[in-house]
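Enquirer: My structure is in structure10.cif, and what it holds is mmCIF, C-alpha atoms:
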```
data_target
loop_
_atom_site.label_atom_id
_atom_site.label_comp_id
_atom_site.auth_asym_id
_atom_site.auth_seq_id
_atom_site.Cartn_x
_atom_site.Cartn_y
_atom_site.Cartn_z
CA MET P 1 0.74 3.69 19.69
CA THR P 2 2.56 1.18 21.83
CA ASN P 3 3.01 -2.47 20.92
CA GLY P 4 0.27 -3.34 23.39
CA ASN P 5 -2.24 -1.60 21.14
CA TYR P 6 -1.62 -3.76 18.10
CA ILE P 7 -4.60 -6.01 17.47
CA GLN P 8 -4.17 -9.70 18.03
CA ASP P 9 -6.81 -11.00 15.65
CA THR P 10 -5.04 -10.11 12.43
CA ARG P 11 -6.27 -13.35 10.81
CA LYS P 12 -9.87 -12.12 10.97
CA PHE P 13 -8.82 -8.72 9.62
CA TRP P 14 -7.05 -10.25 6.59
CA GLU P 15 -9.80 -12.81 6.00
CA GLU P 16 -12.34 -9.98 5.68
CA ARG P 17 -10.04 -8.27 3.20
CA ARG P 18 -9.42 -11.44 1.19
CA LYS P 19 -13.18 -11.83 0.72
CA ALA P 20 -13.56 -8.18 -0.27
CA ARG P 21 -10.72 -8.54 -2.77
CA LYS P 22 -12.36 -11.63 -4.27
CA ASN P 23 -15.62 -9.71 -4.72
CA LEU P 24 -13.79 -6.81 -6.31
CA ASP P 25 -11.90 -9.11 -8.70
CA ARG P 26 -15.14 -10.83 -9.67
CA LYS P 27 -16.80 -7.48 -10.29
CA ARG P 28 -13.89 -6.42 -12.45
CA ALA P 29 -13.97 -9.67 -14.41
CA ASP P 30 -17.73 -9.34 -14.97
CA ALA P 31 -17.51 -5.71 -16.11
CA SER P 32 -18.71 -4.85 -19.61
CA TYR P 33 -16.22 -4.31 -22.42
CA SER P 34 -16.63 -0.54 -22.27
CA GLU P 35 -16.10 -0.55 -18.48
CA LYS P 36 -12.93 -2.61 -18.93
CA VAL P 37 -11.68 -0.13 -21.53
CA THR P 38 -12.37 2.75 -19.11
CA ILE P 39 -10.47 0.97 -16.32
CA ALA P 40 -7.51 0.26 -18.64
CA GLU P 41 -7.42 3.89 -19.79
CA LYS P 42 -7.53 5.14 -16.21
CA LEU P 43 -4.71 2.81 -15.26
CA ARG P 44 -2.62 3.96 -18.21
CA SER P 45 -3.21 7.59 -17.31
CA ASP P 46 -2.32 6.93 -13.64
CA MET P 47 0.91 5.21 -14.70
CA VAL P 48 1.92 8.27 -16.74
CA PHE P 49 1.02 10.53 -13.82
CA LEU P 50 3.01 8.40 -11.37
CA LYS P 51 6.10 8.82 -13.54
CA SER P 52 5.88 12.59 -13.12
CA GLY P 53 6.50 12.37 -9.35
CA ARG P 54 9.51 14.05 -7.78
CA ILE P 55 10.94 12.66 -4.53
CA ILE P 56 11.07 15.32 -1.81
CA ASN P 57 12.59 13.21 0.92
CA SER P 58 13.43 9.61 1.62
CA LYS P 59 14.04 8.45 5.17
CA SER P 60 14.97 4.86 4.41
CA GLY P 61 17.42 5.51 1.60
CA CYS P 62 15.28 4.43 -1.35
CA LYS P 63 17.26 4.32 -4.59
CA ARG P 64 14.56 4.95 -7.18
CA ALA P 65 16.40 5.45 -10.44
CA LYS P 66 14.72 8.62 -11.64
CA ALA P 67 14.91 10.45 -8.30
CA MET S 1 -8.96 12.90 -11.61
CA GLY S 2 -8.22 9.30 -10.47
CA PHE S 3 -4.97 9.04 -8.57
CA LYS S 4 -4.57 12.81 -8.26
CA GLY S 5 -8.06 13.13 -6.79
CA VAL S 6 -7.37 10.38 -4.28
CA ILE S 7 -4.14 11.92 -2.98
CA SER S 8 -5.90 15.27 -2.54
CA VAL S 9 -8.53 13.56 -0.39
CA LEU S 10 -5.84 11.74 1.62
CA ASN S 11 -4.09 15.03 2.35
CA GLU S 12 -7.42 16.52 3.38
CA LEU S 13 -7.91 13.65 5.84
CA VAL S 14 -4.57 14.52 7.47
CA LYS S 15 -5.45 18.22 7.55
CA LYS S 16 -8.82 17.48 9.17
CA GLY S 17 -7.18 15.18 11.75
CA LYS S 18 -9.09 12.09 10.57
CA ILE S 19 -5.76 10.30 10.17
CA GLU S 20 -2.37 11.23 11.61
CA ASP S 21 -0.39 10.25 8.53
CA TYR S 22 -0.47 7.83 5.63
CA ALA S 23 1.58 6.03 3.00
CA ILE S 24 0.43 4.49 -0.24
CA GLY S 25 1.28 0.81 -0.43
CA GLY S 26 0.13 -2.13 -2.56
CA GLY S 27 -0.13 -2.10 -6.33
CA TYR S 28 0.00 1.67 -6.75
CA ALA S 29 3.27 1.84 -4.83
CA VAL S 30 4.64 -0.97 -6.99
CA MET S 31 3.59 1.02 -10.08
CA TYR S 32 5.25 4.13 -8.68
CA TYR S 33 8.52 2.21 -8.62
CA GLU S 34 8.05 1.71 -12.36
CA ILE S 35 6.95 -1.90 -12.28
CA PRO S 36 4.08 -2.19 -14.77
CA ILE S 37 1.25 -4.11 -13.17
CA SER S 38 -2.51 -4.12 -13.48
CA THR S 39 -4.23 -2.90 -10.36
CA PHE S 40 -7.65 -1.49 -9.81
CA ASP S 41 -7.70 -0.48 -6.17
CA MET S 42 -5.40 1.45 -3.88
CA ASP S 43 -4.04 0.31 -0.52
CA VAL S 44 -3.39 3.14 1.90
CA LEU S 45 -1.62 2.55 5.21
CA VAL S 46 -2.97 4.96 7.79
CA LEU S 47 -1.50 6.04 11.10
CA LEU S 48 -4.19 6.22 13.77
CA SER S 49 -4.05 6.65 17.52
CA SER S 50 -6.69 4.04 18.28
CA GLU S 51 -8.80 1.30 16.72
CA ASN S 52 -11.82 3.52 17.26
CA ASP S 53 -10.33 6.10 14.89
CA PHE S 54 -10.48 3.48 12.15
CA HIS S 55 -14.25 3.14 12.59
CA GLU S 56 -14.52 6.92 12.77
CA LEU S 57 -12.76 7.13 9.42
CA TYR S 58 -15.43 4.96 7.76
CA GLU S 59 -18.13 6.98 9.53
CA TYR S 60 -16.66 10.17 8.14
CA PHE S 61 -16.97 8.83 4.58
CA ARG S 62 -20.47 7.48 5.29
CA ARG S 63 -21.58 10.89 6.50
CA ASN S 64 -20.23 12.38 3.29
CA ASN S 65 -22.28 9.90 1.25
CA ALA S 66 -19.26 8.07 -0.11
CA ARG S 67 -19.85 4.77 -1.84
CA ILE S 68 -18.62 2.00 0.47
CA GLU S 69 -18.54 -1.64 -0.62
CA ASP S 70 -17.09 -4.29 1.66
CA VAL S 71 -13.90 -2.71 2.99
CA TYR S 72 -13.51 -0.37 0.02
CA ILE S 73 -14.27 3.32 0.09
CA TYR S 74 -14.70 4.74 -3.40
CA ILE S 75 -12.80 7.97 -3.87
CA ASP S 76 -13.00 9.42 -7.35
CA GLU S 77 -14.36 6.09 -8.58
CA MET S 78 -11.31 4.31 -7.20
CA PRO S 79 -11.76 1.61 -4.55
CA VAL S 80 -9.48 2.57 -1.68
CA GLN S 81 -8.65 0.21 1.14
CA PHE S 82 -7.38 1.74 4.37
CA LEU S 83 -4.99 -0.43 6.34
CA PRO S 84 -4.52 0.81 9.91
CA ASN S 85 -1.08 0.79 11.48
CA TYR S 86 -2.33 -1.10 14.52
CA ILE S 87 -2.36 -4.27 12.39
CA GLY S 88 1.36 -4.57 13.00
CA PRO S 89 4.55 -2.64 13.72
CA LEU S 90 5.73 -3.07 10.10
CA PHE S 91 2.87 -0.83 8.93
CA THR S 92 3.78 1.83 11.48
CA GLY S 93 7.38 1.79 10.28
CA ALA S 94 6.30 1.92 6.63
CA ILE S 95 4.28 5.08 7.29
CA LYS S 96 6.88 6.78 9.48
CA GLU S 97 9.70 6.08 7.02
CA ALA S 98 7.69 6.68 3.85
CA ILE S 99 9.12 8.69 0.98
CA GLU S 100 7.48 12.00 0.19
CA VAL S 101 6.75 12.70 -3.47
CA GLU S 102 5.42 15.77 -5.23
CA PHE S 103 3.02 15.58 -8.17
CA GLU S 104 2.13 18.87 -9.84
CA GLY S 105 2.26 20.71 -6.51
CA ILE S 106 0.44 17.99 -4.57
CA TYR S 107 2.43 16.06 -2.00
CA THR S 108 1.91 12.44 -1.14
CA LYS S 109 3.74 9.56 0.52
CA PHE S 110 4.64 6.08 -0.65
CA ALA S 111 5.96 3.17 1.35
CA SER S 112 9.65 2.88 0.49
CA ILE S 113 10.72 0.04 -1.80
CA GLU S 114 12.32 -1.71 1.15
CA TYR S 115 9.19 -1.54 3.32
CA LEU S 116 7.07 -2.51 0.34
CA ILE S 117 9.21 -5.62 -0.17
CA ALA S 118 8.98 -6.47 3.55
CA MET S 119 5.17 -6.19 3.39
CA LEU S 120 5.07 -8.33 0.23
CA LEU S 121 7.27 -10.91 1.94
CA THR S 122 4.77 -10.94 4.81
CA ALA S 123 1.77 -11.57 2.52
CA TYR S 124 3.82 -13.88 0.24
CA ARG S 125 1.08 -14.82 -2.24
CA PRO S 126 2.23 -15.91 -5.72
CA LYS S 127 1.70 -12.38 -7.09
CA ASP S 128 3.63 -10.92 -4.14
CA LYS S 129 6.63 -13.13 -4.94
CA ILE S 130 6.60 -11.90 -8.55
CA ARG S 131 6.42 -8.29 -7.36
CA VAL S 132 9.31 -8.81 -4.92
CA GLN S 133 11.41 -10.28 -7.72
CA SER S 134 10.74 -7.18 -9.82
CA LEU S 135 11.44 -4.74 -6.98
CA ILE S 136 14.41 -6.34 -5.27
CA GLY S 137 17.02 -4.99 -7.70
CA LYS S 138 15.87 -1.43 -7.00
CA ALA S 139 16.12 -1.80 -3.21
CA ASP S 140 18.99 -0.89 -0.94
CA GLN S 141 19.83 -4.38 0.35
CA SER S 142 21.34 -3.18 3.63
CA VAL S 143 18.24 -1.09 4.41
CA LEU S 144 16.01 -4.03 3.42
CA ILE S 145 17.90 -6.49 5.63
CA ASP S 146 17.74 -4.04 8.51
CA ILE S 147 13.93 -3.75 8.11
CA ILE S 148 13.55 -7.52 7.83
CA GLN S 149 15.62 -8.06 10.98
CA ARG S 150 13.66 -5.42 12.89
CA TYR S 151 10.24 -6.86 12.05
CA ASP S 152 10.92 -10.58 11.60
CA ASP S 153 9.35 -13.20 13.84
CA ASP S 154 11.16 -15.78 16.00
CA LYS S 155 11.31 -18.23 13.10
CA ARG S 156 12.95 -15.60 10.89
CA GLN S 157 10.31 -16.22 8.24
CA LEU S 158 10.80 -12.91 6.41
CA TYR S 159 14.54 -13.43 6.15
CA SER S 160 14.07 -16.99 4.92
CA ARG S 161 11.59 -15.78 2.25
CA TYR S 162 13.98 -13.01 1.25
CA LYS S 163 16.77 -15.56 0.78
CA LYS S 164 14.48 -17.80 -1.24
CA ILE S 165 13.57 -14.94 -3.53
CA LEU S 166 17.24 -14.20 -4.03
CA GLY S 167 17.67 -17.83 -4.99
CA ARG S 168 20.15 -18.44 -2.23
CA ALA S 169 18.05 -21.05 -0.51
CA PRO S 170 16.06 -23.97 -1.92
CA GLU S 171 12.26 -23.66 -2.06
CA GLY S 172 10.84 -25.54 0.94
#
```
Please express what this file holds, its structure, as structure tokens.
Expert:
Amino acid sequence: MTNGNYIQDTRKFWEERRKARKNLDRKRADASYSEKVTIAEKLRSDMVFLKSGRIINSKSGCKRAKA
Amino acid sequence: MGFKGVISVLNELVKKGKIEDYAIGGGYAVMYYEIPISTFDMDVLVLLSSENDFHELYEYFRRNNARIEDVYIYIDEMPVQFLPNYIGPLFTGAIKEAIEVEFEGIYTKFASIEYLIAMLLTAYRPKDKIRVQSLIGKADQSVLIDIIQRYDDDKRQLYSRYKKILGRAPEG
């Protein structure tokens, strides 16, 4: 994709996403206690899973400690 | 399932030609770099050949009866936001120079720390500044400066924000 194909109206794009994010945050805040527990457990499990990753290649020279 | 389920679907999208390539950005990428944060959704930068392909991507999920709310597509109960590369050249670079990571035999890509910082400096909300402060010590500063210089605007806003974060310039 050439530079000419980049959209100009990025403000509209991000505004739409800001609104969506607000809705999502509200939904999360209004969730029941059990739903919040489920979300927290899922997040904890994802964090453990993320730590198990092994870098295969890095083009920009990332220096992640456990690589 | 969760994260693992999502990356399997992302790889399937590449295989089926729905997207050319992708890189995980946002909160999940920050978490990957071992910064503990609370995030609920996943931001995925996607490489597409045209704006129409972005609409096609949503159509594909609609046809497969995926739950779609606002801009979020729910994959394995996780709200996933696709961010197309045509939003700006920084996104394209972040995808093309993403790091490839293997999880239990499944491969995925994350925006590098340096690109992640550049994207956070672009958004520059209060939470982004906190995330940059946490990530900056893990970044290769010469790579980061190179990225900032490549994608900065005429006013050198990214570089100025970078300097502010480093505490080398007064908050304006």
Enquirer: Expressed in Å to a single decimal, how great is the separation between atom CA of S:Ile87 and atom CA of P:Thr10?
Expert: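 Straight-line distance from atom CA of S:Ile87 to atom CA of P:Thr10 works out to 6.4 Å.
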Enquirer: One decimal, in Å: what's the spacing between atom CA of S:Ile165 and atom CA of S:Val132?
Expert: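 Those two atoms sit 7.6 Å apart.
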Enquirer: Excluding same-chain residues fewer than 4 positions from stretch 139-154 of chain S, what lies within 6 Å of it counting all atoms listed in the file, as an mmCIF file with C-alpha atoms, keeping the file's coordinate frame?
Expert:
```cif
data_model
loop_
_atom_site.group_PDB
_atom_site.id
_atom_site.type_symbol
_atom_site.label_atom_id
_atom_site.label_comp_id
_atom_site.auth_asym_id
_atom_site.auth_seq_id
_atom_site.Cartn_x
_atom_site.Cartn_y
_atom_site.Cartn_z
ATOM 1 C CA ILE S 113 10.720 0.040 -1.800
ATOM 2 C CA GLU S 114 12.320 -1.710 1.150
ATOM 3 C CA LEU S 158 10.800 -12.910 6.410
#
```
Enquirer: Go through S:Glu56, S:Glu69, S:Asp43, S:Glu34 one by one, measure the shortest atom-to-atom distance of each to S:Phe91 using only C-alpha atoms, and give the residue with the smallest value.
Expert: S:Asp43
Enquirer: Please measure the separation of atom CA of S:Glu77 and atom CA of S:Lys4, giving the value in Å to one decimal.
Expert: 11.9 Å
Enquirer: Would you list the contacts of S:Phe54 as an MDAnalysis selection string, taking every protein, DNA or RNA residue within 12 Å and counting all atoms listed in the file, but skipping same-chain residues closer than 5 positions in sequence?
Expert: chainID S and resid 18:20 45:49 59:61 71 81:87
Enquirer: Can you tell me, as a count of residues only, what residues are no more than 10 Å from P:Ile56 when counting all atoms listed in the file, ignoring any on the same chain fewer than 4 positions away?
Expert: 8
Enquirer: Apply the PyMOL selection byres ((chain P and resi 24) around 10) to the file shown and report the selected residues as an NGL selection string.
Expert: (:P and (18-23 or 25-30)) or (:S and (40-41 or 69-70 or 72 or 79))
Enquirer: Could you tell me which residues the PyMOL selection byres ((chain P and resi 53) around 6) returns for this structure, as JSON, numbers by chain?
Expert: {"P": [50, 51, 52, 54], "S": [101, 102, 103]}
Enquirer: For chain P, which residue among S:Phe110, S:Tyr32, S:Tyr159, S:Tyr74 is the nearest when counting all atoms listed in the file?
Expert: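 Comparing S:Phe110, S:Tyr32, S:Tyr159, S:Tyr74 against chain P, the winner is S:Tyr32.
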Enquirer: Quick one: of S:Gly137, S:Gly88, S:Pro126, S:Gly167, who's nearest to chain P, counting only C-alpha atoms?
Expert: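 Of S:Gly137, S:Gly88, S:Pro126, S:Gly167, the one nearest chain P, counting only C-alpha atoms, is S:Gly88.
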Enquirer: Which residue gives the smallest distance to chain S among P:Trp14, P:Ser58, P:Asp9, P:Ser34, with only C-alpha atoms counted?
Expert: P:Ser58
